[in-house]
Amino acid sequence: MYSKIRHYLGKRYNAFRWLSHEFFLLLRHLGTSDREHSQTKLRADLIVEAHIIEKGLSFRHTKVGFGVPKIIDLLDHLTIYHHQYKDQYMLSFILRIVEKYIEFNAKHGVVNEAISNRYHKLKEFENNEYPEIIGGVNHITREEIQKSAMIDFENFVNSRYSIRNFTGEAVDPELVFKALKIAEGTPSACNRQPWGAHVFFDKQKMINILDYQTGARQFKEEMGCVILVTSSYNSFFGGEFHQPYVNGGLYAMTLMYALHSFGLGTVSLNMGFEYSKLKKLSQYCDIQESEVPIMMIGVGVLPEELDVAHSERFSYKSYTKVY
């Protein structure tokens, strides 16, 4: 009887503890949701508004003169943002997109003075620090896409394992940076790209942060790099509370595949911590209040031979419904 009571109370205590964890995360999300007090919030808002233009330009039958009120609002918001933060990257980022919009309409004999005037006023503040930025749309062919996509992806995916047996050698930082560059291509909600990567090569710091995770005790000293992937609450609003996890998870998977493409071993390490432990880790890694840790990725050099967990996969037929 005593064990049943303890089990009954224990289950409810654990449920309350994890609900409290979610509550604290929700408070953090709400606490960073005031757009007027956050550069990241304003930046995310601009990206969402600008992406509407790019999507509109990419349709098969784009309507000439579409979205005028939204574009005027975008340029007005950009004016406020630039005066406040002097962010040249975002200035060029938005202006390149609006430029393509103006060019598209001009080809069809349509000029909107309100948009054009705002664009040229903002153009005066641009210092051309980022000439590589290209906005609008890219014209490509089916052949180009399919030619680049013709790889043995099935074999590539099935050849990646969670590695728990590394050589202990140092990982070449250049390979990690190349993988991070590839991961920039990860899709995200309205192109917000909310992710962050905290990269550790220092052996002692790697061991220290892995001690928080506890799942890599037996091989933590063999790793050559640890990447802590985060995602920003400040890039999302209102009902998008869980979007940081979705977008951060997409980024983490792309990054692991990129590392795998360079012959490095990886293991994904769960970040389902209690709130108190998560807070301590965030302080140690200088993770901002607006960031949520998604996962750690252990990276290392593969030995010549090793054993990996078989990890049998369920057939897609067991969990897929076709309509």
# chains A, B, ... in the order shown; residues from 1 in each chain; ligands from 1
call {"tool": "select_by_dssp", "arguments": {"residues": "range 51-216 of chain A", "states": "strand (DSSP E or B)", "output": "PyMOL selection string"}}
result
chain A and resi 162+195-200
call {"tool": "residues_around", "arguments": {"residues": "range 231-242 of chain A", "least_positions_apart": "2", "cutoff": "6 Å", "atoms": "only C-alpha atoms", "output": "PyMOL selection string"}}
result
chain A and resi 29+40-41+44+194-196+244-245+248+290-292
call {"tool": "closest_atom_pairs", "arguments": {"of": "range 40-85 of chain A", "to": "range 106-109 of chain A", "cutoff": "12 Å", "atoms": "only C-alpha atoms", "output": "JSON lines"}}
result
{"residue": "A:Thr62", "atom": "CA", "partner": "A:His108", "partner_atom": "CA", "distance": 11.3}
{"residue": "A:Lys63", "atom": "CA", "partner": "A:His108", "partner_atom": "CA", "distance": 10.4}
{"residue": "A:Val64", "atom": "CA", "partner": "A:His108", "partner_atom": "CA", "distance": 7.2}
{"residue": "A:Gly65", "atom": "CA", "partner": "A:His108", "partner_atom": "CA", "distance": 9.2}
call {"tool": "select_by_dssp", "arguments": {"residues": "range 96-278 of chain A", "states": "alpha helix (DSSP H)", "output": "PyMOL selection string"}}
result
chain A and resi 96-107+113-123+142-149+153-158+173-183+203-213+243-261+275-278
call {"tool": "closest_atom_pairs", "arguments": {"of": "range 122-232 of chain A", "to": "range 67-84 of chain A", "cutoff": "12 Å", "atoms": "only C-alpha atoms", "output": "tab-separated table"}}
result
residue	atom	partner	partner_atom	distance
A:Leu122	CA	A:Thr79	CA	6.9
A:Lys123	CA	A:Thr79	CA	10.5
A:Glu124	CA	A:Thr79	CA	11.5
A:Phe125	CA	A:His82	CA	8.8
A:Glu126	CA	A:His82	CA	10.1
call {"tool": "write_last_selection", "arguments": {"atoms": "all heavy atoms", "output": "PDB file, in the first residue's frame"}}
result
ATOM      1  N   LEU A 122      16.135  55.743 -47.878  1.00  0.00           N
ATOM      2  CA  LEU A 122      16.898  54.752 -47.126  1.00  0.00           C
ATOM      3  C   LEU A 122      18.196  54.399 -47.847  1.00  0.00           C
ATOM      4  O   LEU A 122      19.221  54.124 -47.217  1.00  0.00           O
ATOM      5  CB  LEU A 122      16.056  53.493 -46.904  1.00  0.00           C
ATOM      6  CG  LEU A 122      15.007  53.590 -45.794  1.00  0.00           C
ATOM      7  CD1 LEU A 122      13.989  52.456 -45.914  1.00  0.00           C
ATOM      8  CD2 LEU A 122      15.677  53.556 -44.430  1.00  0.00           C
ATOM      9  N   LYS A 123      18.157  54.425 -49.163  1.00  0.00           N
ATOM     10  CA  LYS A 123      19.334  54.099 -49.965  1.00  0.00           C
ATOM     11  C   LYS A 123      20.500  55.039 -49.641  1.00  0.00           C
ATOM     12  O   LYS A 123      21.676  54.649 -49.728  1.00  0.00           O
ATOM     13  CB  LYS A 123      18.962  54.202 -51.443  1.00  0.00           C
ATOM     14  CG  LYS A 123      20.045  53.764 -52.416  1.00  0.00           C
ATOM     15  CD  LYS A 123      20.188  52.274 -52.447  1.00  0.00           C
ATOM     16  CE  LYS A 123      21.195  51.876 -53.546  1.00  0.00           C
ATOM     17  NZ  LYS A 123      21.591  50.460 -53.431  1.00  0.00           N
ATOM     18  N   GLU A 124      20.191  56.258 -49.242  1.00  0.00           N
ATOM     19  CA  GLU A 124      21.227  57.230 -48.911  1.00  0.00           C
ATOM     20  C   GLU A 124      22.060  56.811 -47.702  1.00  0.00           C
ATOM     21  O   GLU A 124      23.204  57.236 -47.544  1.00  0.00           O
ATOM     22  CB  GLU A 124      20.590  58.602 -48.641  1.00  0.00           C
ATOM     23  CG  GLU A 124      19.928  59.223 -49.872  1.00  0.00           C
ATOM     24  CD  GLU A 124      19.204  60.520 -49.534  1.00  0.00           C
ATOM     25  OE1 GLU A 124      19.290  60.955 -48.345  1.00  0.00           O
ATOM     26  OE2 GLU A 124      18.566  61.098 -50.423  1.00  0.00           O
ATOM     27  N   PHE A 125      21.489  55.975 -46.835  1.00  0.00           N
ATOM     28  CA  PHE A 125      22.192  55.534 -45.630  1.00  0.00           C
ATOM     29  C   PHE A 125      23.035  54.278 -45.862  1.00  0.00           C
ATOM     30  O   PHE A 125      23.805  53.879 -44.999  1.00  0.00           O
ATOM     31  CB  PHE A 125      21.191  55.249 -44.506  1.00  0.00           C
ATOM     32  CG  PHE A 125      20.411  56.468 -44.072  1.00  0.00           C
ATOM     33  CD1 PHE A 125      19.070  56.593 -44.404  1.00  0.00           C
ATOM     34  CD2 PHE A 125      21.020  57.475 -43.341  1.00  0.00           C
ATOM     35  CE1 PHE A 125      18.349  57.702 -44.019  1.00  0.00           C
ATOM     36  CE2 PHE A 125      20.305  58.593 -42.940  1.00  0.00           C
ATOM     37  CZ  PHE A 125      18.963  58.713 -43.282  1.00  0.00           C
ATOM     38  N   GLU A 126      22.879  53.656 -47.028  1.00  0.00           N
ATOM     39  CA  GLU A 126      23.597  52.413 -47.295  1.00  0.00           C
ATOM     40  C   GLU A 126      25.039  52.700 -47.694  1.00  0.00           C
ATOM     41  O   GLU A 126      25.304  53.560 -48.549  1.00  0.00           O
ATOM     42  CB  GLU A 126      22.898  51.625 -48.410  1.00  0.00           C
ATOM     43  CG  GLU A 126      23.433  50.213 -48.571  1.00  0.00           C
ATOM     44  CD  GLU A 126      22.710  49.454 -49.669  1.00  0.00           C
ATOM     45  OE1 GLU A 126      22.018  50.071 -50.501  1.00  0.00           O
ATOM     46  OE2 GLU A 126      22.852  48.210 -49.693  1.00  0.00           O
TER      47      GLU A 126
END
call {"tool": "residues_around", "arguments": {"residues": "range 176-186 of chain A", "least_positions_apart": "2", "cutoff": "6 Å", "atoms": "only C-alpha atoms", "output": "MDAnalysis selection string"}}
result
chainID A and resid 173:174 251 254:255 258:259
call {"tool": "write_last_selection", "arguments": {"atoms": "N, CA, C and O atoms", "output": "PDB file, in the first residue's frame"}}
result
ATOM      1  N   PRO A 173      39.177  22.626 -37.119  1.00  0.00           N
ATOM      2  CA  PRO A 173      38.149  23.685 -37.037  1.00  0.00           C
ATOM      3  C   PRO A 173      37.593  24.080 -38.392  1.00  0.00           C
ATOM      4  O   PRO A 173      36.404  24.421 -38.507  1.00  0.00           O
ATOM      5  N   GLU A 174      38.434  24.030 -39.443  1.00  0.00           N
ATOM      6  CA  GLU A 174      37.969  24.438 -40.764  1.00  0.00           C
ATOM      7  C   GLU A 174      36.845  23.545 -41.269  1.00  0.00           C
ATOM      8  O   GLU A 174      35.931  24.016 -41.961  1.00  0.00           O
ATOM      9  N   TYR A 251      17.746  22.882 -37.945  1.00  0.00           N
ATOM     10  CA  TYR A 251      19.125  23.345 -38.110  1.00  0.00           C
ATOM     11  C   TYR A 251      20.112  22.307 -37.586  1.00  0.00           C
ATOM     12  O   TYR A 251      21.124  22.009 -38.238  1.00  0.00           O
ATOM     13  N   THR A 254      20.489  19.403 -40.046  1.00  0.00           N
ATOM     14  CA  THR A 254      21.278  19.799 -41.215  1.00  0.00           C
ATOM     15  C   THR A 254      22.751  19.876 -40.861  1.00  0.00           C
ATOM     16  O   THR A 254      23.623  19.436 -41.630  1.00  0.00           O
ATOM     17  N   LEU A 255      23.051  20.426 -39.696  1.00  0.00           N
ATOM     18  CA  LEU A 255      24.446  20.561 -39.260  1.00  0.00           C
ATOM     19  C   LEU A 255      25.088  19.193 -39.061  1.00  0.00           C
ATOM     20  O   LEU A 255      26.247  18.972 -39.448  1.00  0.00           O
ATOM     21  N   ALA A 258      25.868  17.798 -42.397  1.00  0.00           N
ATOM     22  CA  ALA A 258      27.010  18.511 -42.983  1.00  0.00           C
ATOM     23  C   ALA A 258      28.318  18.005 -42.394  1.00  0.00           C
ATOM     24  O   ALA A 258      29.298  17.768 -43.115  1.00  0.00           O
ATOM     25  N   LEU A 259      28.354  17.810 -41.094  1.00  0.00           N
ATOM     26  CA  LEU A 259      29.555  17.268 -40.442  1.00  0.00           C
ATOM     27  C   LEU A 259      29.841  15.854 -40.934  1.00  0.00           C
ATOM     28  O   LEU A 259      30.995  15.478 -41.173  1.00  0.00           O
TER      29      LEU A 259
END
call {"tool": "closest_residue", "arguments": {"among": "A:Leu57, A:Val299, A:Ile133, A:Ile207", "to": "Glu103 in chain A", "atoms": "only C-alpha atoms"}}
result
A:Leu57
call {"tool": "residues_around", "arguments": {"residues": "range 51-55 of chain A", "least_positions_apart": "4", "cutoff": "10 Å", "atoms": "only C-alpha atoms", "output": "PDB file with N, CA, C and O atoms, in the first residue's frame"}}
result
ATOM      1  N   ASP A  45      10.752  40.760 -37.189  1.00  0.00           N
ATOM      2  CA  ASP A  45       9.555  41.336 -37.792  1.00  0.00           C
ATOM      3  C   ASP A  45       9.849  41.813 -39.214  1.00  0.00           C
ATOM      4  O   ASP A  45       9.076  41.582 -40.147  1.00  0.00           O
ATOM      5  N   LEU A  46      11.003  42.470 -39.395  1.00  0.00           N
ATOM      6  CA  LEU A  46      11.396  42.947 -40.722  1.00  0.00           C
ATOM      7  C   LEU A  46      11.597  41.782 -41.691  1.00  0.00           C
ATOM      8  O   LEU A  46      11.186  41.841 -42.854  1.00  0.00           O
ATOM      9  N   ILE A  47      12.231  40.721 -41.216  1.00  0.00           N
ATOM     10  CA  ILE A  47      12.488  39.560 -42.079  1.00  0.00           C
ATOM     11  C   ILE A  47      11.175  38.931 -42.540  1.00  0.00           C
ATOM     12  O   ILE A  47      11.018  38.573 -43.711  1.00  0.00           O
ATOM     13  N   PHE A  59       5.706  33.614 -57.151  1.00  0.00           N
ATOM     14  CA  PHE A  59       4.520  32.914 -57.650  1.00  0.00           C
ATOM     15  C   PHE A  59       4.540  32.826 -59.179  1.00  0.00           C
ATOM     16  O   PHE A  59       5.142  33.654 -59.870  1.00  0.00           O
ATOM     17  N   THR A  62       2.523  36.399 -60.692  1.00  0.00           N
ATOM     18  CA  THR A  62       2.657  37.477 -59.718  1.00  0.00           C
ATOM     19  C   THR A  62       1.810  38.673 -60.153  1.00  0.00           C
ATOM     20  O   THR A  62       1.890  39.121 -61.303  1.00  0.00           O
ATOM     21  N   PHE A  66       1.337  44.290 -56.309  1.00  0.00           N
ATOM     22  CA  PHE A  66       0.819  43.627 -55.101  1.00  0.00           C
ATOM     23  C   PHE A  66       1.470  44.189 -53.833  1.00  0.00           C
ATOM     24  O   PHE A  66       2.594  44.684 -53.855  1.00  0.00           O
ATOM     25  N   GLY A  67       0.746  44.106 -52.732  1.00  0.00           N
ATOM     26  CA  GLY A  67       1.299  44.353 -51.403  1.00  0.00           C
ATOM     27  C   GLY A  67       1.765  45.756 -51.089  1.00  0.00           C
ATOM     28  O   GLY A  67       2.635  45.932 -50.229  1.00  0.00           O
ATOM     29  N   VAL A  68       1.217  46.773 -51.745  1.00  0.00           N
ATOM     30  CA  VAL A  68       1.705  48.143 -51.526  1.00  0.00           C
ATOM     31  C   VAL A  68       1.652  48.567 -50.057  1.00  0.00           C
ATOM     32  O   VAL A  68       2.661  49.055 -49.515  1.00  0.00           O
ATOM     33  N   LYS A  70       1.758  46.819 -47.353  1.00  0.00           N
ATOM     34  CA  LYS A  70       2.727  46.045 -46.569  1.00  0.00           C
ATOM     35  C   LYS A  70       4.153  46.533 -46.831  1.00  0.00           C
ATOM     36  O   LYS A  70       4.979  46.582 -45.912  1.00  0.00           O
ATOM     37  N   ILE A  71       4.440  46.902 -48.079  1.00  0.00           N
ATOM     38  CA  ILE A  71       5.792  47.346 -48.410  1.00  0.00           C
ATOM     39  C   ILE A  71       6.060  48.729 -47.836  1.00  0.00           C
ATOM     40  O   ILE A  71       7.165  49.021 -47.358  1.00  0.00           O
ATOM     41  N   LEU A  74       6.768  48.124 -44.274  1.00  0.00           N
ATOM     42  CA  LEU A  74       8.105  47.540 -44.147  1.00  0.00           C
ATOM     43  C   LEU A  74       9.173  48.628 -44.198  1.00  0.00           C
ATOM     44  O   LEU A  74      10.089  48.660 -43.354  1.00  0.00           O
ATOM     45  N   ILE A  94      17.059  44.274 -46.726  1.00  0.00           N
ATOM     46  CA  ILE A  94      15.696  44.681 -47.076  1.00  0.00           C
ATOM     47  C   ILE A  94      15.678  45.462 -48.387  1.00  0.00           C
ATOM     48  O   ILE A  94      14.818  45.237 -49.249  1.00  0.00           O
ATOM     49  N   ILE A  97      15.675  43.423 -51.592  1.00  0.00           N
ATOM     50  CA  ILE A  97      14.380  42.803 -51.883  1.00  0.00           C
ATOM     51  C   ILE A  97      13.415  43.821 -52.474  1.00  0.00           C
ATOM     52  O   ILE A  97      12.745  43.562 -53.484  1.00  0.00           O
ATOM     53  N   VAL A  98      13.350  44.996 -51.852  1.00  0.00           N
ATOM     54  CA  VAL A  98      12.456  46.048 -52.346  1.00  0.00           C
ATOM     55  C   VAL A  98      12.892  46.499 -53.740  1.00  0.00           C
ATOM     56  O   VAL A  98      12.059  46.804 -54.604  1.00  0.00           O
ATOM     57  N   LYS A 100      14.189  44.663 -56.073  1.00  0.00           N
ATOM     58  CA  LYS A 100      13.677  43.688 -57.047  1.00  0.00           C
ATOM     59  C   LYS A 100      12.174  43.872 -57.263  1.00  0.00           C
ATOM     60  O   LYS A 100      11.667  43.683 -58.374  1.00  0.00           O
ATOM     61  N   TYR A 101      11.468  44.249 -56.208  1.00  0.00           N
ATOM     62  CA  TYR A 101      10.033  44.517 -56.322  1.00  0.00           C
ATOM     63  C   TYR A 101       9.798  45.715 -57.242  1.00  0.00           C
ATOM     64  O   TYR A 101       8.928  45.681 -58.127  1.00  0.00           O
ATOM     65  N   GLY A 135      18.653  39.979 -53.192  1.00  0.00           N
ATOM     66  CA  GLY A 135      17.271  39.764 -52.757  1.00  0.00           C
ATOM     67  C   GLY A 135      16.373  39.354 -53.898  1.00  0.00           C
ATOM     68  O   GLY A 135      16.822  39.147 -55.031  1.00  0.00           O
ATOM     69  N   GLY A 136      15.101  39.225 -53.612  1.00  0.00           N
ATOM     70  CA  GLY A 136      14.116  38.920 -54.641  1.00  0.00           C
ATOM     71  C   GLY A 136      13.991  37.442 -54.914  1.00  0.00           C
ATOM     72  O   GLY A 136      13.740  36.646 -54.005  1.00  0.00           O
ATOM     73  N   VAL A 137      14.177  37.032 -56.152  1.00  0.00           N
ATOM     74  CA  VAL A 137      14.025  35.632 -56.532  1.00  0.00           C
ATOM     75  C   VAL A 137      15.215  35.190 -57.386  1.00  0.00           C
ATOM     76  O   VAL A 137      15.880  36.013 -58.021  1.00  0.00           O
ATOM     77  N   ASN A 138      15.487  33.899 -57.388  1.00  0.00           N
ATOM     78  CA  ASN A 138      16.488  33.297 -58.265  1.00  0.00           C
ATOM     79  C   ASN A 138      15.764  32.492 -59.331  1.00  0.00           C
ATOM     80  O   ASN A 138      14.881  31.684 -59.009  1.00  0.00           O
ATOM     81  N   ALA A 189      11.027  29.170 -40.621  1.00  0.00           N
ATOM     82  CA  ALA A 189       9.743  29.851 -40.748  1.00  0.00           C
ATOM     83  C   ALA A 189       9.951  31.284 -41.220  1.00  0.00           C
ATOM     84  O   ALA A 189      10.590  32.083 -40.533  1.00  0.00           O
ATOM     85  N   CYS A 190       9.437  31.594 -42.404  1.00  0.00           N
ATOM     86  CA  CYS A 190       9.545  32.940 -42.982  1.00  0.00           C
ATOM     87  C   CYS A 190      10.982  33.436 -43.039  1.00  0.00           C
ATOM     88  O   CYS A 190      11.245  34.632 -42.876  1.00  0.00           O
ATOM     89  N   ASN A 191      11.910  32.498 -43.224  1.00  0.00           N
ATOM     90  CA  ASN A 191      13.331  32.827 -43.376  1.00  0.00           C
ATOM     91  C   ASN A 191      13.924  33.520 -42.150  1.00  0.00           C
ATOM     92  O   ASN A 191      14.909  34.249 -42.240  1.00  0.00           O
ATOM     93  N   ARG A 192      13.372  33.239 -40.967  1.00  0.00           N
ATOM     94  CA  ARG A 192      13.830  33.953 -39.773  1.00  0.00           C
ATOM     95  C   ARG A 192      15.186  33.475 -39.252  1.00  0.00           C
ATOM     96  O   ARG A 192      15.861  34.189 -38.529  1.00  0.00           O
TER      97      ARG A 192
END
